[in-house]
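Q: For reference, the structure I am asking about is given below.
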Amino acid sequence: MGMETESQFHVLAVDDSLFDRKMIERLLQKSSCQVTTVDSGSKALEFLGLRVDDEDPNVLSTSPHIHQEVEINLIITDYCMPGMTGYDLLKKVKESAAFKSIPVVIMSSENVPARISRCLEEGAEEFFLKPVKLADLTKLKPHMMKTKLKKESEKSAKEEESEVSKPEIEEEEAVIEILPLHQELESEQLETIVSSSNKRKAMEEVISTDRSRPKYNDITTSV
Amino acid sequence: MNTIVVGQLQRQFQDYIVSLYQQGYLDNQFTELRKLQDEGSPDFVAEVVSLFFDDCAKVINDMSTSLERPDHVDFKQVDSGVHQLKGSSSSVGARRVKNVCIAFKECCDVQNREGCLRCLQQVDYEYKMLKTKLQDLFNLEQQILQAGGTIPQVSMN
């Protein structure tokens, strides 16, 4: 299609299963997102432009050869993958100065509360139980909007100094990140709070039995 | 377009798919899958389902090999296969297949080879059965389209 991608969100989807990649790709396309799929955490990092040191996989540096042209608005990854798990990938993204602002969502076919809280604590925005549904993906928009607005406000800060709206946006951004509860609730901030309570809700939903699931599903907690 | 023929085919389709849900071959996730199909991806369901059946055949074959020798069972491999099938059957809405996988996992967890072999046989039967049923469903879809009609959206509540 066209080269113009600024109006669309671009999601990087990571899953070692071809089947699951096909599913998540279609789900995201149906939600009007541009999608890139990769089959491993290390390929995801490569795509982002983070070079994984062959000697020491714990050392990450921004590759001097790859100029990060592709703007990723969200990373959605499977938890259980050989080699680098989704959790490992999450950690590496959040530890990287360049990419820690990219929201990360974890998917898993297993309902393990300890796993879920560990991921959320590490900075994952959401934790989705597979099979992921179209309705789940609507939760992603607020997270992706945050990074897009941030990038756009940074861009206009560089281009012009005289915009009145610009400082307001930056202030809002700071408020969202640091003190969301102490400011006047505007729609953007509301969305953030709603999405954090959705996060908690996702945890609760995950623990309780979903009415649409058949009765002998083993979704009730397994440790 | 012969509207009478189309109407009949559409009713047939509707009845057939409803029966598949009622008999437990399919669950709500299949409905979710159908939502992902549109003019841009008109064969999505057929493609995904085909991928799923190919996976089933391969994984079942691998598990069969792992379970073959009574003194030398690779339960780790079997567990991994069951996990894969449970995941994909769940994503596709293949309810019966998924339920067998749940029982299969339990046998695997306690290293019950006999139980595993029974489940293996059952999962093989169920996926093949579903394959035939869905083939009939897709054929009906094709007939509707060829007769100039549209495929009904069926919502199960």
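Residues are referred to by chain and number: the chain letter is A, B, ... according to the order shown in the structure tokens, the number counts from 1 in that chain, and ligands are numbered separately from 1 in the order shown.
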Would you kindly report the residues of chain B within 10 Å of chain A, using only C-alpha atoms, as a PyMOL selection string?

A: chain B and resi 24+27-29+32-33+35-38+40-41+44+47-49+51-52+55+83-84+86-93+95+98-99+102-103+157

Q: Within 12 Å of region 66-76 of chain B, counting only C-alpha atoms, which residues qualify if same-chain residues fewer than 4 places away don't, as a list in words?

A: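 Non-adjacent residues within range: Val59, Ile60, Asn61, Asp62, Ser80, Gly81, Val82, His83, Phe104, Lys105, Glu106, Cys107, Cys108, Asp109, Val110, Gln111, Asn112, Arg113, Glu114, Gly115, Cys116, Leu117, Arg118, Cys119, Leu120 and Gln121 of chain B.
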
Q: Write out as a list of chain:residue names which residues come within 8 Å of Val14 (chain A) when counting only C-alpha atoms, dropping same-chain ones fewer than 5 positions away.

A: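 Surrounding residues, per the criterion: A:Arg21, A:Thr37, A:Val38, A:Asp39, A:Ser40, A:Gly41, A:Ala44, A:Ile75, A:Ile76, A:Thr77, A:Asp78.
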
Q: So which one's closest to Tyr87 (chain A), A:Cys119, A:Ile102, A:Ala114, A:Val70? Using only C-alpha atoms, please.

A: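 Answer, going by the shortest atom-to-atom distance: A:Cys119.
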
Q: I need the residue nearest Leu120 (chain A) from this list: A:Ala98, A:Lys91, A:Thr36, A:Leu140. Use only C-alpha atoms for the distance.

A: A:Lys91

Q: Residues of region 2-159 of chain A classed as helix (DSSP H, G or I) by DSSP on the backbone are to be reported as a PyMOL selection string.

A: chain A and resi 18-30+41-48+86-95+113-121+134-137+140-159

Q: Expressed in Å to a single decimal, how great is the separation between CA of Val112 (chain A) and CA of Val78 (chain B)?

A: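 Between CA of Val112 (chain A) and CA of Val78 (chain B) the gap is 21.4 Å.
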
Q: Just the residues within 12 Å of Asn139 (chain B), please, counting only C-alpha atoms, with nothing from its chain fewer than 5 positions along; format it as a PDB file with C-alpha atoms, in the first residue's frame.

A:
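This is the output file around.pdb:
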```
ATOM      1  CA  LEU B   9     -28.972 -22.693   0.480  1.00  0.00           C
ATOM      2  CA  GLN B  10     -28.687 -19.970   3.071  1.00  0.00           C
ATOM      3  CA  GLN B  12     -29.268 -24.991   4.857  1.00  0.00           C
ATOM      4  CA  PHE B  13     -26.055 -23.230   5.785  1.00  0.00           C
ATOM      5  CA  TYR B  16     -25.838 -26.764   9.495  1.00  0.00           C
ATOM      6  CA  ALA B  46     -10.628 -21.621   5.417  1.00  0.00           C
ATOM      7  CA  THR B 132     -15.196 -33.322   7.206  1.00  0.00           C
ATOM      8  CA  LYS B 133     -17.888 -31.206   8.841  1.00  0.00           C
ATOM      9  CA  LEU B 134     -16.147 -27.948   8.015  1.00  0.00           C
ATOM     10  CA  ILE B 144     -24.276 -19.801  -1.970  1.00  0.00           C
ATOM     11  CA  LEU B 145     -21.634 -17.535  -3.496  1.00  0.00           C
ATOM     12  CA  GLN B 146     -21.875 -19.233  -6.863  1.00  0.00           C
ATOM     13  CA  ILE B 151     -23.146 -15.948   3.409  1.00  0.00           C
TER      14      ILE B 151
END
```

Q: For Phe47 (chain A), which residue among A:Glu25, A:Asp16, A:Glu71, A:Glu122 is the nearest when counting only C-alpha atoms?

A: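 Residue with the minimum atom-to-atom distance to Phe47 (chain A): A:Glu71.
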
Q: Residues at most 12 Å from Gly123 (chain A), counting only C-alpha atoms, excluding those fewer than 6 positions away in the same chain, as a PyMOL selection string?

A: chain A and resi 87-95+100-106+116-117+196+199

Q: Output N, CA, C and O atoms for every residue in that selection, as a CSV table (one decimal), in the first residue's frame.

A:
```csv
chain,number,residue,atom,x,y,z
A,87,TYR,N,8.6,-12.3,28.4
A,87,TYR,CA,9.0,-11.6,29.6
A,87,TYR,C,10.4,-11.0,29.4
A,87,TYR,O,10.7,-9.9,29.8
A,88,ASP,N,11.3,-11.9,28.9
A,88,ASP,CA,12.7,-11.4,28.6
A,88,ASP,C,12.6,-10.2,27.7
A,88,ASP,O,13.4,-9.2,27.8
A,89,LEU,N,11.8,-10.4,26.6
A,89,LEU,CA,11.7,-9.3,25.6
A,89,LEU,C,11.2,-8.0,26.2
A,89,LEU,O,11.8,-6.9,26.0
A,90,LEU,N,10.2,-8.2,27.1
A,90,LEU,CA,9.6,-7.0,27.8
A,90,LEU,C,10.7,-6.3,28.6
A,90,LEU,O,10.9,-5.1,28.5
A,91,LYS,N,11.5,-7.1,29.3
A,91,LYS,CA,12.6,-6.5,30.1
A,91,LYS,C,13.5,-5.7,29.3
A,91,LYS,O,13.9,-4.6,29.6
A,92,LYS,N,14.0,-6.3,28.2
A,92,LYS,CA,15.0,-5.7,27.3
A,92,LYS,C,14.5,-4.4,26.7
A,92,LYS,O,15.2,-3.4,26.6
A,93,VAL,N,13.2,-4.4,26.3
A,93,VAL,CA,12.6,-3.2,25.8
A,93,VAL,C,12.5,-2.1,26.9
A,93,VAL,O,12.9,-1.0,26.6
A,94,LYS,N,12.1,-2.5,28.1
A,94,LYS,CA,12.0,-1.5,29.1
A,94,LYS,C,13.3,-1.0,29.6
A,94,LYS,O,13.4,0.1,30.2
A,95,GLU,N,14.4,-1.8,29.4
A,95,GLU,CA,15.7,-1.4,29.9
A,95,GLU,C,16.4,-0.5,28.9
A,95,GLU,O,17.4,0.1,29.2
A,100,LYS,N,12.0,2.2,25.6
A,100,LYS,CA,11.2,1.9,26.8
A,100,LYS,C,9.8,2.5,26.8
A,100,LYS,O,8.9,2.1,27.5
A,101,SER,N,9.6,3.5,26.0
A,101,SER,CA,8.3,4.2,25.9
A,101,SER,C,7.3,3.4,25.1
A,101,SER,O,6.1,3.7,25.1
A,102,ILE,N,7.8,2.4,24.3
A,102,ILE,CA,6.9,1.6,23.5
A,102,ILE,C,6.1,0.7,24.4
A,102,ILE,O,6.6,-0.1,25.2
A,103,PRO,N,4.7,0.8,24.3
A,103,PRO,CA,3.9,-0.1,25.2
A,103,PRO,C,4.1,-1.5,24.7
A,103,PRO,O,4.2,-1.8,23.6
A,104,VAL,N,4.1,-2.4,25.7
A,104,VAL,CA,4.3,-3.9,25.5
A,104,VAL,C,3.1,-4.6,26.0
A,104,VAL,O,2.7,-4.3,27.2
A,105,VAL,N,2.5,-5.5,25.3
A,105,VAL,CA,1.4,-6.3,25.7
A,105,VAL,C,1.8,-7.8,25.6
A,105,VAL,O,2.5,-8.2,24.7
A,106,ILE,N,1.5,-8.6,26.7
A,106,ILE,CA,1.9,-10.0,26.7
A,106,ILE,C,0.7,-10.8,26.4
A,106,ILE,O,-0.4,-10.5,26.9
A,116,ILE,N,1.2,-13.2,35.4
A,116,ILE,CA,0.6,-12.0,35.0
A,116,ILE,C,1.1,-10.8,35.8
A,116,ILE,O,1.4,-9.8,35.2
A,117,SER,N,1.1,-11.0,37.1
A,117,SER,CA,1.5,-9.8,37.9
A,117,SER,C,3.0,-9.5,37.7
A,117,SER,O,3.3,-8.3,37.7
A,196,SER,N,-5.8,1.6,33.1
A,196,SER,CA,-5.2,1.0,34.2
A,196,SER,C,-6.2,0.1,35.0
A,196,SER,O,-5.8,-0.9,35.5
A,199,LYS,N,-6.6,-3.0,33.2
A,199,LYS,CA,-5.5,-3.9,33.5
A,199,LYS,C,-5.9,-4.7,34.7
A,199,LYS,O,-5.7,-5.9,34.7
```
